[in-house]
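Structure file target_12.cif with mmCIF, C-alpha atoms:
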```cif
data_protein
loop_
_atom_site.label_atom_id
_atom_site.label_comp_id
_atom_site.auth_asym_id
_atom_site.auth_seq_id
_atom_site.Cartn_x
_atom_site.Cartn_y
_atom_site.Cartn_z
CA VAL N 1 -117.97 -9.96 1.16
CA GLU N 2 -116.87 -6.75 2.91
CA GLU N 3 -113.44 -8.31 3.49
CA PHE N 4 -112.96 -8.89 -0.24
CA GLU N 5 -114.25 -5.41 -1.14
CA SER N 6 -111.72 -3.68 1.12
CA ALA N 7 -108.69 -5.82 0.33
CA ASP N 8 -106.32 -6.83 -2.43
CA GLU N 9 -105.90 -10.50 -3.27
CA VAL N 10 -102.34 -11.79 -3.64
CA ARG N 11 -102.08 -15.19 -5.31
CA ILE N 12 -98.86 -16.98 -4.46
CA ILE N 13 -97.32 -20.42 -4.87
CA TRP N 14 -95.94 -21.62 -1.54
CA SER N 15 -92.84 -23.74 -2.15
CA PRO N 16 -91.41 -25.16 1.09
CA HIS N 17 -88.65 -26.94 -0.84
CA GLY N 18 -87.42 -23.77 -2.52
CA GLY N 19 -87.81 -25.07 -6.05
CA CYS N 20 -86.08 -28.42 -5.45
CA LEU N 21 -87.72 -31.79 -5.18
CA LEU N 22 -87.75 -33.63 -1.89
CA ALA N 23 -88.37 -37.11 -3.26
CA LYS N 24 -85.43 -39.49 -3.26
CA PRO N 25 -84.73 -40.83 -6.73
CA ASP N 26 -84.90 -44.53 -7.42
CA SER N 27 -84.19 -46.71 -10.41
CA SER N 28 -87.69 -46.19 -11.84
CA THR N 29 -88.05 -42.44 -11.33
CA THR N 30 -86.11 -39.77 -13.20
CA PHE N 31 -85.99 -36.11 -12.29
CA GLN N 32 -88.39 -34.93 -14.98
CA ASP N 33 -90.99 -37.52 -13.92
CA ARG N 34 -91.25 -36.26 -10.35
CA ASP N 35 -93.63 -33.54 -9.27
CA PRO N 36 -92.63 -30.85 -6.78
CA LEU N 37 -93.85 -31.95 -3.36
CA LEU N 38 -96.00 -29.90 -1.02
CA SER N 39 -96.28 -26.85 -3.30
CA GLU N 40 -99.68 -25.21 -3.15
CA VAL N 41 -101.45 -22.17 -4.51
CA ILE N 42 -102.59 -19.82 -1.76
CA SER N 43 -104.68 -16.66 -1.86
CA ILE N 44 -103.90 -13.95 0.67
CA LEU N 45 -106.04 -10.90 1.39
CA VAL N 46 -104.21 -7.74 2.38
CA PRO N 47 -105.55 -4.20 2.93
CA TYR N 48 -105.53 -1.83 -0.03
CA ASN N 49 -102.19 -0.10 -0.64
CA SER N 50 -100.34 -2.63 1.52
CA THR N 51 -96.75 -3.65 0.96
CA TYR N 52 -95.73 -7.24 0.39
CA ALA N 53 -94.53 -7.28 4.00
CA CYS N 54 -98.15 -7.81 4.98
CA ALA N 55 -98.40 -10.89 2.76
CA VAL N 56 -95.08 -12.22 4.07
CA GLU N 57 -96.28 -11.86 7.66
CA LYS N 58 -99.44 -13.83 6.87
CA ILE N 59 -97.39 -16.54 5.14
CA ALA N 60 -94.99 -16.83 8.09
CA GLU N 61 -97.92 -17.14 10.48
CA ARG N 62 -99.74 -19.68 8.32
CA TYR N 63 -96.76 -21.98 7.90
CA ARG N 64 -95.26 -21.37 11.35
CA ILE N 65 -92.05 -19.77 10.11
CA PRO N 66 -90.22 -18.27 13.13
CA SER N 67 -89.86 -14.82 11.55
CA PRO N 68 -91.16 -13.04 8.43
CA SER N 69 -87.52 -12.24 7.63
CA ARG N 70 -87.06 -15.97 6.91
CA VAL N 71 -89.56 -15.87 4.04
CA ARG N 72 -88.77 -14.49 0.57
CA LEU N 73 -90.92 -13.74 -2.43
CA LEU N 74 -89.61 -14.41 -5.93
CA GLU N 75 -91.02 -13.31 -9.25
CA ILE N 76 -90.81 -16.20 -11.69
CA ARG N 77 -91.04 -15.49 -15.42
CA ASN N 78 -90.69 -18.01 -18.22
CA ALA N 79 -89.35 -20.66 -15.81
CA GLY N 80 -86.59 -18.37 -14.56
CA ILE N 81 -86.14 -16.24 -11.45
CA ALA N 82 -86.57 -12.65 -12.62
CA ARG N 83 -86.09 -10.94 -9.26
CA GLU N 84 -86.78 -10.97 -5.55
CA ILE N 85 -89.85 -8.98 -4.52
CA LEU N 86 -88.90 -6.78 -1.58
CA PRO N 87 -91.25 -6.56 1.43
CA THR N 88 -91.23 -2.77 1.09
CA GLU N 89 -92.80 -2.89 -2.39
CA HIS N 90 -96.48 -2.11 -2.68
CA VAL N 91 -98.72 -4.97 -3.75
CA ARG N 92 -99.50 -4.81 -7.45
CA ARG N 93 -103.18 -5.30 -8.09
CA ASN N 94 -104.46 -8.08 -10.33
CA VAL N 95 -101.05 -9.74 -10.52
CA GLY N 96 -101.21 -13.47 -9.94
CA PHE N 97 -99.73 -16.18 -12.07
CA ASP N 98 -100.21 -18.08 -15.29
CA ASP N 99 -98.16 -20.50 -17.37
CA ASP N 100 -95.35 -17.97 -17.78
CA HIS N 101 -95.52 -15.85 -14.63
CA GLU N 102 -95.96 -16.48 -10.91
CA ILE N 103 -95.08 -15.16 -7.49
CA ARG N 104 -93.40 -17.79 -5.33
CA ALA N 105 -92.92 -17.73 -1.59
CA GLU N 106 -90.38 -19.94 0.14
CA PRO N 107 -88.55 -20.25 3.45
CA ILE N 108 -84.96 -19.03 3.47
CA PRO N 109 -82.60 -21.93 4.33
CA ASP N 110 -80.13 -21.49 7.17
CA ASP N 111 -77.17 -21.35 4.78
CA GLN N 112 -78.79 -18.60 2.67
CA THR N 113 -79.42 -15.98 5.35
CA PRO N 114 -77.45 -12.72 5.02
CA GLU N 115 -75.38 -13.72 8.06
CA ALA N 116 -74.52 -17.12 6.56
CA LEU N 117 -73.67 -15.67 3.14
CA GLY N 118 -71.43 -12.90 4.43
CA ASP N 119 -69.04 -11.48 1.85
CA GLU N 120 -67.78 -14.87 0.67
CA HIS N 121 -70.96 -16.29 -0.83
CA GLN N 122 -73.60 -15.21 -3.34
CA LEU N 123 -77.02 -16.55 -4.30
CA ILE N 124 -77.26 -17.48 -7.98
CA PRO N 125 -80.44 -18.51 -9.84
CA VAL N 126 -80.41 -21.98 -11.42
CA SER N 127 -82.70 -22.74 -14.37
CA HIS N 128 -83.52 -25.91 -16.30
CA VAL N 129 -82.67 -25.64 -20.00
CA SER N 130 -84.44 -27.77 -22.56
CA LYS N 131 -82.54 -29.63 -25.26
CA GLU N 132 -85.11 -28.20 -27.68
CA LYS N 133 -84.74 -24.77 -29.24
CA GLN N 134 -87.17 -22.30 -30.75
CA TRP N 135 -86.94 -19.56 -33.35
CA LEU N 136 -87.02 -16.24 -31.53
CA ARG N 137 -86.67 -12.97 -33.44
CA GLY N 138 -84.94 -14.59 -36.36
CA SER N 139 -82.56 -16.85 -34.45
CA LEU N 140 -82.69 -20.10 -32.51
CA GLY N 141 -83.30 -19.46 -28.82
CA HIS N 142 -83.10 -21.74 -25.82
CA LEU N 143 -86.20 -22.83 -23.94
CA TYR N 144 -86.53 -23.09 -20.19
CA PHE N 145 -88.85 -25.31 -18.19
CA GLY N 146 -89.54 -26.59 -14.71
CA THR N 147 -88.92 -24.86 -11.40
CA PRO N 148 -85.88 -22.59 -10.96
CA PHE N 149 -84.19 -22.15 -7.59
CA LEU N 150 -81.52 -20.14 -5.79
CA PHE N 151 -78.13 -21.73 -5.14
CA ARG N 152 -75.31 -20.64 -2.85
CA VAL N 153 -71.90 -20.28 -4.53
CA ARG N 154 -68.50 -18.95 -3.51
CA VAL N 155 -67.72 -15.48 -4.82
CA ALA N 156 -64.08 -16.56 -5.22
CA GLY N 157 -65.22 -19.46 -7.39
CA GLU N 158 -65.48 -23.27 -7.29
CA LYS N 159 -64.55 -26.05 -9.66
CA VAL N 160 -67.37 -27.00 -11.99
CA SER N 161 -67.10 -30.59 -10.73
CA THR N 162 -67.74 -29.38 -7.17
CA LEU N 163 -70.72 -27.28 -8.25
CA ARG N 164 -72.16 -30.15 -10.26
CA GLU N 165 -71.98 -32.52 -7.31
CA ARG N 166 -73.53 -30.01 -4.94
CA LEU N 167 -76.32 -29.34 -7.43
CA ARG N 168 -76.91 -33.05 -7.93
CA GLN N 169 -77.21 -33.62 -4.19
CA LYS N 170 -79.48 -30.62 -3.72
CA MET N 171 -81.89 -31.94 -6.34
CA ASN N 172 -81.56 -35.61 -5.34
CA VAL N 173 -80.71 -36.69 -8.86
CA SER N 174 -79.02 -40.03 -9.40
CA GLU N 175 -75.38 -40.01 -10.53
CA GLU N 176 -76.26 -41.95 -13.68
CA GLU N 177 -78.93 -39.48 -14.74
CA PHE N 178 -76.92 -36.39 -13.83
CA LYS N 179 -74.03 -37.46 -16.05
CA THR N 180 -76.22 -36.60 -19.04
CA TRP N 181 -76.92 -33.05 -17.82
CA ARG N 182 -74.89 -30.17 -19.28
CA PHE N 183 -73.67 -27.27 -17.12
CA ALA N 184 -73.95 -23.77 -18.56
CA THR N 185 -73.64 -20.11 -17.69
CA LEU N 186 -76.80 -18.21 -18.62
CA TYR N 187 -76.46 -14.64 -19.77
CA ARG N 188 -79.33 -12.38 -20.78
CA THR N 189 -79.12 -13.31 -24.44
CA LYS N 190 -77.01 -16.45 -24.65
CA VAL N 191 -76.18 -19.82 -23.10
CA GLU N 192 -72.50 -20.65 -22.68
CA TYR N 193 -71.80 -24.33 -21.98
CA VAL N 194 -68.97 -25.30 -19.63
CA GLU N 195 -67.59 -28.71 -20.58
CA ASP N 196 -64.41 -28.72 -18.45
CA ASP N 197 -65.22 -30.02 -14.96
CA ASP N 198 -61.85 -28.76 -13.70
CA GLN N 199 -62.62 -25.19 -14.74
CA LEU N 200 -63.02 -22.64 -11.95
CA TRP N 201 -66.51 -21.16 -12.16
CA THR N 202 -67.06 -17.76 -10.58
CA PRO N 203 -70.22 -15.62 -10.47
CA VAL N 204 -70.12 -13.39 -13.54
CA LYS N 205 -71.17 -9.76 -13.12
CA GLN N 206 -73.42 -8.56 -15.94
CA SER N 207 -74.00 -5.05 -14.71
CA LEU N 208 -72.56 -2.41 -12.43
CA VAL N 209 -76.04 -1.99 -10.94
CA GLY N 210 -77.02 -4.19 -8.00
CA ASN N 211 -76.38 -7.92 -7.78
CA ASP N 212 -76.91 -8.61 -11.47
CA TYR N 213 -75.08 -11.91 -11.90
CA ALA N 214 -75.28 -14.41 -14.73
CA SER N 215 -77.08 -17.56 -13.64
CA ILE N 216 -76.48 -21.29 -13.90
CA GLY N 217 -78.25 -23.46 -16.44
CA LEU N 218 -78.67 -27.23 -16.40
CA GLU N 219 -79.60 -28.69 -19.77
CA HIS N 220 -81.39 -32.01 -19.64
CA LYS N 221 -84.30 -33.94 -21.03
CA SER N 222 -87.83 -32.99 -20.08
CA ASN N 223 -91.10 -34.75 -20.67
CA ALA N 224 -92.87 -31.45 -20.20
CA GLN N 225 -93.66 -29.41 -23.29
CA ALA N 226 -90.88 -26.87 -23.82
CA LYS N 227 -93.00 -23.85 -24.63
CA ARG N 228 -91.39 -21.07 -22.66
CA SER N 229 -89.04 -18.64 -24.31
CA ALA N 230 -85.63 -17.65 -23.01
CA VAL N 231 -85.54 -15.50 -19.91
CA VAL N 232 -84.81 -11.86 -20.62
CA HIS N 233 -84.41 -9.66 -17.54
CA SER N 234 -85.75 -6.16 -18.10
CA LYS N 235 -84.17 -5.13 -14.80
CA PRO N 236 -81.02 -6.29 -13.05
CA LEU N 237 -81.67 -9.35 -10.93
CA MET N 238 -81.71 -8.24 -7.32
CA ILE N 239 -81.31 -10.85 -4.59
CA ARG N 240 -81.70 -9.24 -1.21
CA THR N 241 -78.75 -9.79 1.14
CA ASP N 242 -79.35 -7.07 3.70
CA ALA N 243 -82.52 -8.29 5.38
CA LYS N 244 -82.54 -8.50 9.15
#
```

Take the structure I supplied and represent it as structure tokens, if you would.
Amino acid sequence: VEEFESADEVRIIWSPHGGCLLAKPDSSTTFQDRDPLLSEVISILVPYNSTYACAVEKIAERYRIPSPSRVRLLEIRNAGIAREILPTEHVRRNVGFDDDHEIRAEPIPDDQTPEALGDEHQLIPVSHVSKEKQWLRGSLGHLYFGTPFLFRVRVAGEKVSTLRERLRQKMNVSEEEFKTWRFATLYRTKVEYVEDDDQLWTPVKQSLVGNDYASIGLEHKSNAQAKRSAVVHSKPLMIRTDAK
């Protein structure tokens, strides 16, 4: 009891797959029918007025991650990655998760470390876009669903066909199913579809502040109820690239 009275509780979803599914697809299983594997809700107690670094250290120890610097925390809102939570930020009390908001912890893959990214690569959020739409503030808005993830792209750009194939492989989606998915660039207030697979896609800067890049959207069918509204970032999306 004393431990709870002198500590803050941080509720986090641990996602060892980084938002992608590990199951190999087969002829009877489509992407939207598979559940994320190994994800679990964890509750971490940290001293009052702690920073998130304390929570990250506990996560690294619990899941035997070699270093806390190889764990990141992401704030997920409305099925989109809103921002990365920096270890230096103080823990916000009574902030957990619900249907539209969560804090996710995940290991940083080898190819997404600051050293591996260098100046030639950038991490871009990828979100799942529903084919359904919803009236939002007098106009039809897109709905998002599922689990978003971070994806490494070349700053100089890549052909859409190359990006599509890399995304397909990362998510283990069959070629037949992935042919029906539409590729899009997601801005704060609009979705811009890219139909030309030969087009060169480059990360699009939305702001002069920080690493505020437009994200990638993949529109496809979902059996889940599309109830979440479009992602609107109140702050520039900051993906940390200077961690040591």

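The residues caught by the PyMOL selection byres ((chain N and resi 109) around 12) in this file are Pro16, His17, Gly18, Ile65, Ser69, Arg70, Val71, Arg72, Glu106, Pro107, Ile108, Asp110, Asp111, Gln112, Thr113, Pro114, Glu115, Ala116, Leu117, Leu123, Leu150, Phe151 and Arg152 of chain N.
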
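Reported to one decimal place, the separation of CA of Ile216 (chain N) from CA of Ala82 (chain N) is 13.3 Å.
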
* Asked: How would you write, as a ChimeraX atom specification, the residues chosen by the PyMOL selection byres ((chain N and resi 164) around 12) on this structure?
  -> /N:126,151,153,158-163,165-173,175,178-184,194-201,216-218

Under the PyMOL selection byres ((chain N and resi 92) around 12), which residues of this model are included? Write them out as a compact mmCIF listing (two decimals) with C-alpha atoms, keeping the file's coordinate frame.
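Output below, filename expr30.txt:
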```txt
# COMPACT_ATOMS: atom_id res chain seq x y z
CA ASP N 8 -106.32 -6.83 -2.43
CA GLU N 9 -105.90 -10.50 -3.27
CA VAL N 10 -102.34 -11.79 -3.64
CA ARG N 11 -102.08 -15.19 -5.31
CA VAL N 46 -104.21 -7.74 2.38
CA TYR N 48 -105.53 -1.83 -0.03
CA ASN N 49 -102.19 -0.10 -0.64
CA SER N 50 -100.34 -2.63 1.52
CA THR N 51 -96.75 -3.65 0.96
CA TYR N 52 -95.73 -7.24 0.39
CA ALA N 55 -98.40 -10.89 2.76
CA ILE N 85 -89.85 -8.98 -4.52
CA GLU N 89 -92.80 -2.89 -2.39
CA HIS N 90 -96.48 -2.11 -2.68
CA VAL N 91 -98.72 -4.97 -3.75
CA ARG N 93 -103.18 -5.30 -8.09
CA ASN N 94 -104.46 -8.08 -10.33
CA VAL N 95 -101.05 -9.74 -10.52
CA GLY N 96 -101.21 -13.47 -9.94
CA ILE N 103 -95.08 -15.16 -7.49
```

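Between CA of Thr185 (chain N) and CA of Tyr144 (chain N) the separation is 13.5 Å.
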
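Using all atoms listed in the file, the smallest distance between any of N:Ala156, N:Ala7, N:Ile12, N:Ile124 and Leu186 (chain N) comes from N:Ile124.
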
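If you look at CA of Arg62 (chain N) and CA of Ile81 (chain N), they are 24.2 Å away from each other.
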
* To do: Please provide the set of residues having any atom within 7 Å of Lys205 (chain N), restricted to only C-alpha atoms, with same-chain residues fewer than 6 positions apart removed, written as a count of residues only.
  => 3
